[in-house]
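Source file target15.cif; content: mmCIF, C-alpha atoms and all ligand atoms.
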data_target
#
loop_
_atom_site.label_atom_id
_atom_site.label_comp_id
_atom_site.auth_asym_id
_atom_site.auth_seq_id
_atom_site.Cartn_x
_atom_site.Cartn_y
_atom_site.Cartn_z
CA MET A 1 0.00 0.00 0.00
CA ASN A 2 2.72 2.44 0.97
CA GLN A 3 4.83 1.62 -2.01
CA LYS A 4 1.88 2.10 -4.31
CA THR A 5 1.14 5.55 -2.85
CA HIS A 6 4.73 6.62 -3.24
CA GLY A 7 4.68 5.38 -6.77
CA ARG A 8 1.88 7.77 -7.55
CA ILE A 9 3.10 10.78 -5.61
CA LEU A 10 6.63 10.83 -6.93
CA PRO A 11 5.76 11.45 -10.59
CA VAL A 12 3.38 14.20 -9.51
CA LEU A 13 6.15 15.81 -7.44
CA ALA A 14 8.55 15.51 -10.30
CA ALA A 15 6.07 17.18 -12.61
CA LEU A 16 5.49 19.98 -10.10
CA LEU A 17 9.20 20.55 -9.65
CA ALA A 18 9.76 20.60 -13.39
CA SER A 19 6.99 23.14 -13.96
CA SER A 20 8.13 25.41 -11.12
CA ALA A 21 11.67 25.28 -12.47
CA LEU A 22 10.34 26.33 -15.87
CA ILE A 23 8.39 29.21 -14.34
CA GLY A 24 11.47 30.23 -12.42
CA CYS A 25 13.55 30.32 -15.57
CA SER A 26 11.18 32.03 -17.97
CA GLY A 27 9.62 34.47 -15.53
CA GLY A 28 12.71 35.67 -13.75
CA SER A 29 15.52 35.38 -16.23
CA GLU A 30 16.37 39.08 -16.13
CA ALA A 31 16.05 39.79 -12.41
CA PRO A 32 18.45 37.10 -11.13
CA GLN A 33 21.06 38.23 -13.66
CA ALA A 34 20.88 41.81 -12.43
CA VAL A 35 21.34 40.65 -8.84
CA ALA A 36 24.34 38.55 -9.78
CA LYS A 37 25.89 41.49 -11.61
CA THR A 38 25.62 43.79 -8.61
CA GLU A 39 27.16 41.19 -6.32
CA ASN A 40 30.10 40.69 -8.66
CA GLN A 41 30.81 44.36 -9.26
CA SER A 42 32.45 45.48 -6.05
CA PRO A 43 32.76 43.02 -3.19
CA LEU A 44 35.54 45.11 -1.63
CA GLN A 45 33.61 48.35 -1.74
CA VAL A 46 30.64 46.89 0.09
CA LEU A 47 32.84 45.65 2.92
CA GLU A 48 32.92 47.97 5.93
CA MET A 49 36.50 48.69 6.91
CA PRO A 50 38.00 49.95 10.17
CA ARG A 51 39.36 53.50 9.84
CA THR A 52 42.81 54.68 10.87
CA ALA A 53 43.02 57.70 13.17
CA ALA A 54 44.45 60.88 11.63
CA PRO A 55 45.82 63.94 13.44
CA GLU A 56 43.02 66.48 13.93
CA ASP A 57 45.06 69.18 12.18
CA ALA A 58 46.04 67.08 9.16
CA ARG A 59 44.96 68.55 5.85
CA VAL A 60 45.45 68.07 2.11
CA TYR A 61 44.99 70.61 -0.64
CA PHE A 62 45.74 71.46 -4.27
CA ILE A 63 48.89 73.56 -4.42
CA ASN A 64 48.52 75.05 -7.90
CA VAL A 65 44.78 75.28 -8.54
CA GLN A 66 41.93 76.74 -6.56
CA ASP A 67 38.17 77.05 -6.77
CA ALA A 68 36.88 78.98 -9.83
CA ASP A 69 40.20 78.79 -11.69
CA ILE A 70 40.11 78.77 -15.49
CA VAL A 71 42.67 76.27 -16.77
CA ALA A 72 43.87 74.47 -19.87
CA SER A 73 43.93 70.71 -20.44
CA PRO A 74 46.05 68.65 -19.92
CA LEU A 75 46.26 70.01 -16.39
CA THR A 76 49.00 69.20 -13.90
CA LEU A 77 47.77 69.03 -10.32
CA GLN A 78 50.13 69.28 -7.36
CA PHE A 79 48.99 67.75 -4.08
CA GLY A 80 49.92 69.32 -0.74
CA ALA A 81 49.72 67.73 2.71
CA GLU A 82 50.23 69.17 6.19
CA ASN A 83 50.63 67.42 9.53
CA ILE A 84 50.42 64.00 7.89
CA THR A 85 53.11 62.11 5.98
CA ILE A 86 52.53 60.84 2.45
CA ALA A 87 53.42 57.15 2.20
CA THR A 88 52.87 54.34 -0.25
CA ALA A 89 49.74 52.18 -0.18
CA GLY A 90 50.36 49.24 2.10
CA SER A 91 52.27 51.19 4.74
CA TYR A 92 50.45 51.37 8.03
CA GLU A 93 52.59 53.79 10.07
CA PRO A 94 50.52 56.20 12.19
CA ALA A 95 49.79 59.60 10.62
CA THR A 96 50.55 58.48 7.06
CA GLY A 97 48.41 58.08 3.96
CA HIS A 98 48.30 58.45 0.19
CA HIS A 99 46.36 60.81 -2.03
CA HIS A 100 43.19 59.97 -3.93
CA LEU A 101 41.74 62.30 -6.54
CA LEU A 102 38.02 62.61 -7.14
CA ILE A 103 37.15 63.96 -10.58
CA ASP A 104 33.52 65.01 -11.07
CA ALA A 105 32.52 62.74 -8.20
CA ASP A 106 30.94 63.05 -4.76
CA LEU A 107 32.67 61.68 -1.68
CA PRO A 108 32.44 57.89 -1.56
CA PRO A 109 31.45 56.09 1.68
CA LEU A 110 34.21 56.85 4.20
CA ASN A 111 34.22 53.41 5.83
CA GLN A 112 34.98 51.54 2.63
CA VAL A 113 37.93 51.02 0.31
CA PHE A 114 38.22 54.01 -2.06
CA PRO A 115 36.81 53.08 -5.49
CA SER A 116 39.08 52.83 -8.50
CA ASP A 117 37.84 54.11 -11.86
CA ASP A 118 38.16 57.15 -14.15
CA ASN A 119 36.58 59.40 -11.50
CA HIS A 120 38.43 57.93 -8.49
CA VAL A 121 42.20 57.80 -8.90
CA HIS A 122 44.70 56.32 -6.40
CA PHE A 123 48.24 57.55 -5.89
CA GLY A 124 49.44 54.51 -4.00
CA GLY A 125 53.03 55.18 -4.97
CA GLY A 126 52.98 58.24 -2.75
CA GLN A 127 52.85 60.57 -5.79
CA LEU A 128 52.52 64.30 -5.11
CA GLU A 129 51.24 65.34 -8.53
CA THR A 130 49.48 64.09 -11.62
CA THR A 131 48.39 65.32 -15.03
CA VAL A 132 44.77 64.95 -16.08
CA GLU A 133 43.05 65.45 -19.40
CA LEU A 134 39.67 67.10 -19.06
CA GLU A 135 37.00 67.98 -21.60
CA PRO A 136 36.24 71.70 -22.00
CA GLY A 137 33.66 72.86 -19.45
CA THR A 138 33.36 72.81 -15.68
CA HIS A 139 34.73 70.01 -13.53
CA THR A 140 35.01 69.33 -9.83
CA LEU A 141 38.19 68.12 -8.15
CA GLN A 142 38.76 66.94 -4.60
CA LEU A 143 41.55 65.18 -2.72
CA LEU A 144 40.86 62.51 -0.11
CA LEU A 145 43.65 60.80 1.76
CA GLY A 146 43.52 57.05 2.35
CA ASP A 147 45.39 54.78 4.76
CA GLY A 148 47.41 51.71 3.82
CA HIS A 149 44.19 49.89 2.96
CA HIS A 150 42.90 52.83 0.79
CA VAL A 151 40.30 53.65 3.46
CA PRO A 152 39.77 57.32 4.48
CA HIS A 153 41.03 58.25 7.94
CA GLU A 154 38.99 59.22 11.00
CA PRO A 155 38.51 62.16 10.80
CA PRO A 156 38.74 62.17 6.98
CA VAL A 157 41.65 64.18 5.56
CA MET A 158 40.31 65.87 2.45
CA SER A 159 40.50 69.07 0.47
CA GLU A 160 37.67 71.39 -0.44
CA LYS A 161 35.77 70.23 -3.50
CA ILE A 162 36.79 72.85 -6.07
CA THR A 163 35.12 73.67 -9.38
CA ILE A 164 37.34 74.63 -12.27
CA THR A 165 36.60 75.59 -15.86
CA VAL A 166 38.61 74.02 -18.66
CA GLU A 167 38.89 76.24 -21.72
CU CU A 201 44.47 54.16 -2.59
#

Kindly return the structure encoded in the file as structure tokens.
Amino acid sequence: MNQKTHGRILPVLAALLASSALIGCSGGSEAPQAVAKTENQSPLQVLEMPRTAAPEDARVYFINVQDADIVASPLTLQFGAENITIATAGSYEPATGHHHLLIDADLPPLNQVFPSDDNHVHFGGGQLETTVELEPGTHTLQLLLGDGHHVPHEPPVMSEKITITVE
């Protein structure tokens, strides 16, 4: 009796599973892909990171450009730092960090690794200047220091966000 019942139920279950799998595939083919894409994009950036303490009076700034300047492209930018030592990425001495340049971008989350793309540039070699090519028009620039892990300090050491016009 039991075996007979099982014999009937199993094919029904199999049919149900097969149909639900089909529904799952045809109905949701786009949504699961989008989710997978987001998860793959930036696992590091989603991770919350501990922040290194910075001296309260530490500051970074652009040496050779200021807000409302009219400039030509390519543009060389010189990075200044006070009361904090510029080091290479991967060094974890207290009161050290390396520059990051934000181009036409808002501040990223401060408890995460600084992004890396055309608008978020790392200077992990401890560089104190760079040359950027910018389209004619207005652009914003900002410096944000990062620790050995590329995470902004606490408090964050950053310049004013300046707006420049490229001729
Ligand atoms: Cu960095």

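Of the listed residues (A:Leu47, A:Leu145, A:Ala89, A:Ile63), A:Leu145 comes nearest to A:Leu102; the distances count all atoms listed in the file.
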
- Item | Residue nearest ligand CU 201 (chain A) among A:Asp147, A:His153, A:Ile103, A:Ser159 (counting all atoms listed in the file) | A:Asp147

- Query: Can I get the residues close to ligand CU 201 (chain A) as an MDAnalysis selection string, where close means within 6 Å and we count all atoms listed in the file?
  - Reply: chainID A and resid 122 124 146 150

- May I ask for the distance between atom CA of A:Asp57 and atom CA of A:Val121, given in Å to one decimal place?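 Interatomic distance here is 24.1 Å.
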
- Message: Report as a VMD selection string all protein, DNA and RNA residues lying within 6 Å of A:Glu129, evaluated on only C-alpha atoms, omitting residues in the same chain fewer than 5 positions from it.
- Response: chain A and resid 77 to 79

Output the selection as an mmCIF file, keeping the file's coordinate frame - C-alpha atoms for each residue.
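Written output follows (part-v8.cif):
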data_model
loop_
_atom_site.group_PDB
_atom_site.id
_atom_site.type_symbol
_atom_site.label_atom_id
_atom_site.label_comp_id
_atom_site.auth_asym_id
_atom_site.auth_seq_id
_atom_site.Cartn_x
_atom_site.Cartn_y
_atom_site.Cartn_z
ATOM 1 C CA LEU A 77 47.770 69.030 -10.320
ATOM 2 C CA GLN A 78 50.130 69.280 -7.360
ATOM 3 C CA PHE A 79 48.990 67.750 -4.080
#

- Suppose you want the space between atom CA of A:Ile70 and atom CA of A:His99; what is it in Å?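 One can read the atom CA of A:Ile70 to atom CA of A:His99 distance as 23.3 Å.
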